[in-house]
Amino acid sequence: MKSSESPTRPRPHAGVTAIDPYQPGKSAAPGAGKAFKLSSNETPFGPSPLAKEAYRKQVDRLEIYPDGQATALREALAARYGLNPARIVCGAGSDELISLITSAFIEPGDEGIFTRHGFLIYRIAILAAGGVPVVAQEKSFTADVDEILAEVTPKTKIVFLANPNNPTGTYLPFSELKRLAAALPRHVLLIVDAAYAEYVTHNDYSPGLEIALASENVVMTRTFSKIYGLAGLRLGWCYAPLHVCDAINRIRGPFNVSSVAQEVGIAALADTDHVDQAVAHNEAWLTWLEREIIDLGLPVTPSAGNFLLIHFENEAQARAADAYLTSHGLILREVSAYGLPQCLRLTVGLEEANRLVVDTLAAFLKTEGHHSA
Ligand SMILES: *Cc1c(COP(=O)(O)O)cnc(C)c1O
């Protein structure tokens with residue numbers, strides 16, 4: 001039985017070693033004094049006071065296992081959006097649901113498609129399942145339905161689309177989303193990741209519920225990490241065909257969503273004023289930041305989310321700007337892992353942070369001018 005070639009220690013499968021571990025945004029600016037974390041698309045408002053109150057209430061019940069079906073939370077979500085609660089599955093963040101769905105539907109050799117500057121978690125989930133990541137080109141930093149369809153083969157099992165996408169902020173209008181869903185072969189699952197849906201104010205946008213409702217191969221994922229301000233708690237959900245829910249429910253951990261997350265999620269959903277306030281703030285300051293940064297001479301990709309992709313002349317300038325901003329307490333997101341080394345991603349913050357970013361970028365460009373003069 002013994003082979004001289006037997007490995008000296010356990011080895012993960014090849015897909016695992018092909019993964020570049022996800023690098024979260026920086027969260028500190030050493031030595032800068034007051035720092036603003038504008039690197040992970042977190043809300044500057046934090047969670048609703050109702051959510052914080054619900055969190056505190058859970059402290060005396062921590063010995064009790066959660067409801068493994070998250071029944072009350074699914075019912076609250078169903079009531080809020082007019083959905084069938086049986087078609088909702090909750091997860092420890094939408095990242096968990098993306099991984100679970102991918103491992104349920106992709107087996108070694110199967111292909112998963114995502115777009116050129118698409119969210120990095122898709123590639124990781126495909127490789128972790130032993131699948132083959134396939135990249136569809138974008139046009140103007142935006143997903144393109146025809147480019148995606150051109151990559152579909154008999155081996156394709158999943159198409160991932162973040163709408164709006166992170167880190168570009170661009171989105172496909174509902175008409176294009178419908179065209180994509182209609183054109184995909186029926187055995188291909190379309191995952192529409194609508195993590196920023198609440199922030200989008202464009203009339204031609206839809207998170208994709210209508211098509212998820214009407215098809216057997218479309219899933220919409222949502223999160224409490226962004227506008228609800230609960231990224232630290234880990235809570236997401238998806239709306240999926242019953243057969244997809246059944247597959248997820250077979251492989252998820254029986255208590256994958258904590259009792260605290262379930263109760264806090266229900267309370268957060270009820271505070272619609274808190275969400276409305278965040279949307280209004282974002283709309284005003286996103287527009288302001290876009291205009292001010294373009295006025296400085298730096299191109300910005302039009303964004304539908306709570307963040308902006310800022311383009312520099314080249315990678316060296318982006319790195320220098322990142323270092324300069326960090327030394328002034330402004331933490332942005334370096335996005336070379338997304339194939340955008342010449343860019344930085346900025347999350348919309350409160351007024352003080354937003355104004356400081358523009359002033360500091362202006363000062364940075366001035367020091368650059370002096371260098372080259
Ligand atoms: C932030 C983000 C998520 C949310 O992930 P969670 O696991 O729910 O925190 C999902 N998709 C995209 C595109 C994101 O940017």
# chains A, B, ... in the order shown; residues from 1 in each chain; ligands from 1

call {"tool": "residues_near_ligand", "arguments": {"ligand": "ligand 1", "cutoff": "8 Å", "atoms": "only C-alpha atoms and all ligand atoms", "output": "PyMOL selection string"}}
result
chain A and resi 40-41+92-96+118-119+121+162-167+193-196+221-226+231+234-236

call {"tool": "residues_around", "arguments": {"residues": "A:Val219", "least_positions_apart": "3", "cutoff": "7 Å", "atoms": "only C-alpha atoms", "output": "ChimeraX atom specification"}}
result
/A:190-192,212,238-240

call {"tool": "closest_atom_pairs", "arguments": {"of": "stretch 167-259 of chain A", "to": "stretch 278-291 of chain A", "cutoff": "9 Å", "atoms": "only C-alpha atoms", "output": "tab-separated table"}}
result
residue	atom	partner	partner_atom	distance
A:Glu198	CA	A:Val279	CA	7.3
A:Tyr199	CA	A:Val279	CA	5.5
A:Val200	CA	A:Val279	CA	8.1
A:Thr201	CA	A:Glu283	CA	7.8
A:Ile227	CA	A:Ala278	CA	7.0

call {"tool": "closest_residue", "arguments": {"among": "A:Glu313, A:Asp273, A:Glu263, A:Glu351", "to": "A:Leu73", "atoms": "only C-alpha atoms"}}
result
A:Glu263

call {"tool": "residues_around", "arguments": {"residues": "A:Gly130", "least_positions_apart": "4", "cutoff": "10 Å", "atoms": "only C-alpha atoms", "output": "list in words"}}
result
His13, Ala14, Gly15, Val16, Ala18, Thr102, Ser103, Ile106, Glu107, Pro108, Gly109, Asp110, Glu111, Ile124, Ala125 and Ile126 of chain A

call {"tool": "write_last_selection", "arguments": {"atoms": "N, CA, C and O atoms", "output": "mmCIF file, in the first residue's frame"}}
result
data_model
loop_
_atom_site.group_PDB
_atom_site.id
_atom_site.type_symbol
_atom_site.label_atom_id
_atom_site.label_comp_id
_atom_site.auth_asym_id
_atom_site.auth_seq_id
_atom_site.Cartn_x
_atom_site.Cartn_y
_atom_site.Cartn_z
ATOM 1 N N HIS A 13 -6.977 20.369 -2.220
ATOM 2 C CA HIS A 13 -7.044 20.141 -3.667
ATOM 3 C C HIS A 13 -6.515 21.350 -4.429
ATOM 4 O O HIS A 13 -6.336 22.442 -3.865
ATOM 5 N N ALA A 14 -6.240 21.128 -5.723
ATOM 6 C CA ALA A 14 -5.530 22.135 -6.521
ATOM 7 C C ALA A 14 -6.269 23.474 -6.578
ATOM 8 O O ALA A 14 -5.648 24.533 -6.622
ATOM 9 N N GLY A 15 -7.620 23.419 -6.558
ATOM 10 C CA GLY A 15 -8.385 24.673 -6.607
ATOM 11 C C GLY A 15 -8.066 25.556 -5.415
ATOM 12 O O GLY A 15 -7.979 26.778 -5.530
ATOM 13 N N VAL A 16 -7.871 24.934 -4.269
ATOM 14 C CA VAL A 16 -7.619 25.705 -3.044
ATOM 15 C C VAL A 16 -6.285 26.434 -3.147
ATOM 16 O O VAL A 16 -6.177 27.627 -2.825
ATOM 17 N N ALA A 18 -4.867 27.389 -5.734
ATOM 18 C CA ALA A 18 -4.909 28.403 -6.806
ATOM 19 C C ALA A 18 -5.554 29.707 -6.329
ATOM 20 O O ALA A 18 -5.540 30.708 -7.047
ATOM 21 N N THR A 102 -22.385 28.016 -4.745
ATOM 22 C CA THR A 102 -21.348 27.589 -5.684
ATOM 23 C C THR A 102 -20.946 26.147 -5.420
ATOM 24 O O THR A 102 -20.829 25.340 -6.358
ATOM 25 N N SER A 103 -20.758 25.779 -4.149
ATOM 26 C CA SER A 103 -20.338 24.391 -3.921
ATOM 27 C C SER A 103 -21.476 23.407 -4.168
ATOM 28 O O SER A 103 -21.219 22.240 -4.475
ATOM 29 N N ILE A 106 -21.440 23.631 -8.498
ATOM 30 C CA ILE A 106 -20.236 23.440 -9.321
ATOM 31 C C ILE A 106 -19.476 22.223 -8.833
ATOM 32 O O ILE A 106 -19.217 22.088 -7.638
ATOM 33 N N GLU A 107 -19.158 21.319 -9.745
ATOM 34 C CA GLU A 107 -18.251 20.234 -9.381
ATOM 35 C C GLU A 107 -16.994 20.360 -10.230
ATOM 36 O O GLU A 107 -16.962 21.150 -11.181
ATOM 37 N N PRO A 108 -15.930 19.628 -9.850
ATOM 38 C CA PRO A 108 -14.648 19.813 -10.545
ATOM 39 C C PRO A 108 -14.810 19.798 -12.068
ATOM 40 O O PRO A 108 -15.469 18.915 -12.620
ATOM 41 N N GLY A 109 -14.221 20.790 -12.708
ATOM 42 C CA GLY A 109 -14.284 20.888 -14.163
ATOM 43 C C GLY A 109 -15.390 21.801 -14.662
ATOM 44 O O GLY A 109 -15.331 22.282 -15.788
ATOM 45 N N ASP A 110 -16.400 22.052 -13.842
ATOM 46 C CA ASP A 110 -17.475 22.961 -14.255
ATOM 47 C C ASP A 110 -16.974 24.398 -14.275
ATOM 48 O O ASP A 110 -16.040 24.754 -13.558
ATOM 49 N N GLU A 111 -17.643 25.214 -15.098
ATOM 50 C CA GLU A 111 -17.217 26.606 -15.231
ATOM 51 C C GLU A 111 -18.187 27.579 -14.567
ATOM 52 O O GLU A 111 -19.401 27.369 -14.593
ATOM 53 N N ILE A 124 -13.010 33.064 -5.922
ATOM 54 C CA ILE A 124 -12.614 32.232 -4.784
ATOM 55 C C ILE A 124 -13.610 31.085 -4.600
ATOM 56 O O ILE A 124 -13.213 29.933 -4.403
ATOM 57 N N ALA A 125 -14.901 31.392 -4.691
ATOM 58 C CA ALA A 125 -15.927 30.357 -4.491
ATOM 59 C C ALA A 125 -15.845 29.277 -5.574
ATOM 60 O O ALA A 125 -15.978 28.079 -5.288
ATOM 61 N N ILE A 126 -15.593 29.693 -6.812
ATOM 62 C CA ILE A 126 -15.507 28.725 -7.924
ATOM 63 C C ILE A 126 -14.306 27.798 -7.720
ATOM 64 O O ILE A 126 -14.416 26.569 -7.811
#

call {"tool": "decode", "arguments": {"residues": "stretch 215-231 of chain A", "atoms": "all heavy atoms", "output": "compact mmCIF listing (two decimals), in the first residue's frame"}}
result
# COMPACT_ATOMS: atom_id res chain seq x y z
N SER A 215 -38.41 32.69 -12.39
CA SER A 215 -37.59 31.69 -13.09
C SER A 215 -37.07 30.61 -12.17
O SER A 215 -37.05 30.75 -10.95
CB SER A 215 -36.44 32.37 -13.83
OG SER A 215 -35.96 33.45 -13.09
N GLU A 216 -36.63 29.55 -12.76
CA GLU A 216 -36.09 28.39 -12.03
C GLU A 216 -34.59 28.44 -11.93
O GLU A 216 -33.97 27.54 -11.38
CB GLU A 216 -36.51 27.09 -12.76
CG GLU A 216 -37.97 26.73 -12.56
CD GLU A 216 -38.24 26.32 -11.11
OE1 GLU A 216 -37.68 25.31 -10.65
OE2 GLU A 216 -39.02 27.02 -10.43
N ASN A 217 -33.97 29.49 -12.51
CA ASN A 217 -32.50 29.53 -12.52
C ASN A 217 -31.92 30.90 -12.18
O ASN A 217 -30.81 31.21 -12.59
CB ASN A 217 -31.96 29.04 -13.88
CG ASN A 217 -32.36 29.96 -15.01
OD1 ASN A 217 -33.39 30.64 -14.95
ND2 ASN A 217 -31.54 30.02 -16.05
N VAL A 218 -32.68 31.71 -11.43
CA VAL A 218 -32.15 33.02 -11.02
C VAL A 218 -32.24 33.16 -9.50
O VAL A 218 -33.29 32.88 -8.91
CB VAL A 218 -32.91 34.18 -11.70
CG1 VAL A 218 -32.34 35.53 -11.25
CG2 VAL A 218 -32.83 34.06 -13.22
N VAL A 219 -31.13 33.58 -8.90
CA VAL A 219 -31.05 33.82 -7.45
C VAL A 219 -30.66 35.27 -7.23
O VAL A 219 -29.77 35.77 -7.92
CB VAL A 219 -29.97 32.92 -6.80
CG1 VAL A 219 -29.82 33.23 -5.32
CG2 VAL A 219 -30.29 31.45 -7.02
N MET A 220 -31.32 35.93 -6.29
CA MET A 220 -30.89 37.27 -5.91
C MET A 220 -30.32 37.21 -4.50
O MET A 220 -30.96 36.67 -3.60
CB MET A 220 -32.07 38.24 -5.93
CG MET A 220 -31.70 39.65 -5.45
SD MET A 220 -33.14 40.66 -5.02
CE MET A 220 -33.76 39.80 -3.59
N THR A 221 -29.09 37.74 -4.29
CA THR A 221 -28.54 37.78 -2.93
C THR A 221 -28.54 39.22 -2.42
O THR A 221 -28.38 40.17 -3.18
CB THR A 221 -27.09 37.23 -2.87
OG1 THR A 221 -26.24 38.05 -3.67
CG2 THR A 221 -27.01 35.80 -3.36
N ARG A 222 -28.76 39.33 -1.11
CA ARG A 222 -28.80 40.65 -0.45
C ARG A 222 -28.01 40.59 0.86
O ARG A 222 -27.75 39.50 1.37
CB ARG A 222 -30.26 41.04 -0.14
CG ARG A 222 -31.14 41.10 -1.36
CD ARG A 222 -30.85 42.32 -2.22
NE ARG A 222 -31.38 43.53 -1.64
CZ ARG A 222 -32.56 44.05 -1.97
NH1 ARG A 222 -33.32 43.46 -2.88
NH2 ARG A 222 -32.98 45.16 -1.41
N THR A 223 -27.68 41.75 1.38
CA THR A 223 -26.86 41.77 2.60
C THR A 223 -27.35 42.82 3.59
O THR A 223 -27.94 43.83 3.20
CB THR A 223 -25.38 42.03 2.26
OG1 THR A 223 -24.61 41.93 3.46
CG2 THR A 223 -25.17 43.41 1.65
N PHE A 224 -27.07 42.57 4.86
CA PHE A 224 -27.27 43.55 5.93
C PHE A 224 -25.96 44.29 6.23
O PHE A 224 -25.90 45.07 7.17
CB PHE A 224 -27.80 42.88 7.20
CG PHE A 224 -29.27 42.55 7.15
CD1 PHE A 224 -29.73 41.37 6.58
CD2 PHE A 224 -30.22 43.43 7.68
CE1 PHE A 224 -31.08 41.06 6.55
CE2 PHE A 224 -31.57 43.15 7.65
CZ PHE A 224 -32.01 41.96 7.08
N SER A 225 -24.90 43.99 5.46
CA SER A 225 -23.58 44.56 5.76
C SER A 225 -23.42 46.00 5.30
O SER A 225 -22.56 46.71 5.79
CB SER A 225 -22.48 43.74 5.09
OG SER A 225 -22.47 42.42 5.56
N LYS A 226 -24.19 46.41 4.32
CA LYS A 226 -23.93 47.71 3.72
C LYS A 226 -24.87 48.77 4.29
O LYS A 226 -24.59 49.33 5.33
CB LYS A 226 -24.00 47.59 2.19
CG LYS A 226 -22.99 46.57 1.65
CD LYS A 226 -21.55 47.04 1.72
CE LYS A 226 -20.50 45.94 1.80
NZ LYS A 226 -20.46 45.01 0.71
N ILE A 227 -26.02 49.02 3.68
CA ILE A 227 -26.80 50.16 4.16
C ILE A 227 -27.32 49.94 5.58
O ILE A 227 -27.52 50.90 6.34
CB ILE A 227 -27.95 50.51 3.18
CG1 ILE A 227 -28.30 51.99 3.33
CG2 ILE A 227 -29.18 49.63 3.43
CD1 ILE A 227 -29.00 52.59 2.14
N TYR A 228 -27.51 48.69 6.00
CA TYR A 228 -28.01 48.44 7.36
C TYR A 228 -26.92 48.54 8.43
O TYR A 228 -27.22 48.48 9.63
CB TYR A 228 -28.70 47.06 7.42
CG TYR A 228 -30.02 47.04 6.69
CD1 TYR A 228 -30.14 46.44 5.44
CD2 TYR A 228 -31.15 47.64 7.24
CE1 TYR A 228 -31.34 46.43 4.76
CE2 TYR A 228 -32.36 47.64 6.57
CZ TYR A 228 -32.45 47.03 5.32
OH TYR A 228 -33.65 47.04 4.66
N GLY A 229 -25.67 48.64 7.99
CA GLY A 229 -24.59 48.88 8.96
C GLY A 229 -24.30 47.72 9.89
O GLY A 229 -23.92 47.93 11.04
N LEU A 230 -24.48 46.48 9.40
CA LEU A 230 -24.29 45.32 10.28
C LEU A 230 -23.21 44.37 9.76
O LEU A 230 -23.28 43.16 9.99
CB LEU A 230 -25.63 44.56 10.42
CG LEU A 230 -26.75 45.36 11.11
CD1 LEU A 230 -28.09 44.63 11.01
CD2 LEU A 230 -26.40 45.62 12.58
N ALA A 231 -22.18 44.93 9.11
CA ALA A 231 -21.14 44.08 8.52
C ALA A 231 -20.46 43.20 9.56
O ALA A 231 -20.10 42.05 9.29
CB ALA A 231 -20.10 44.94 7.80
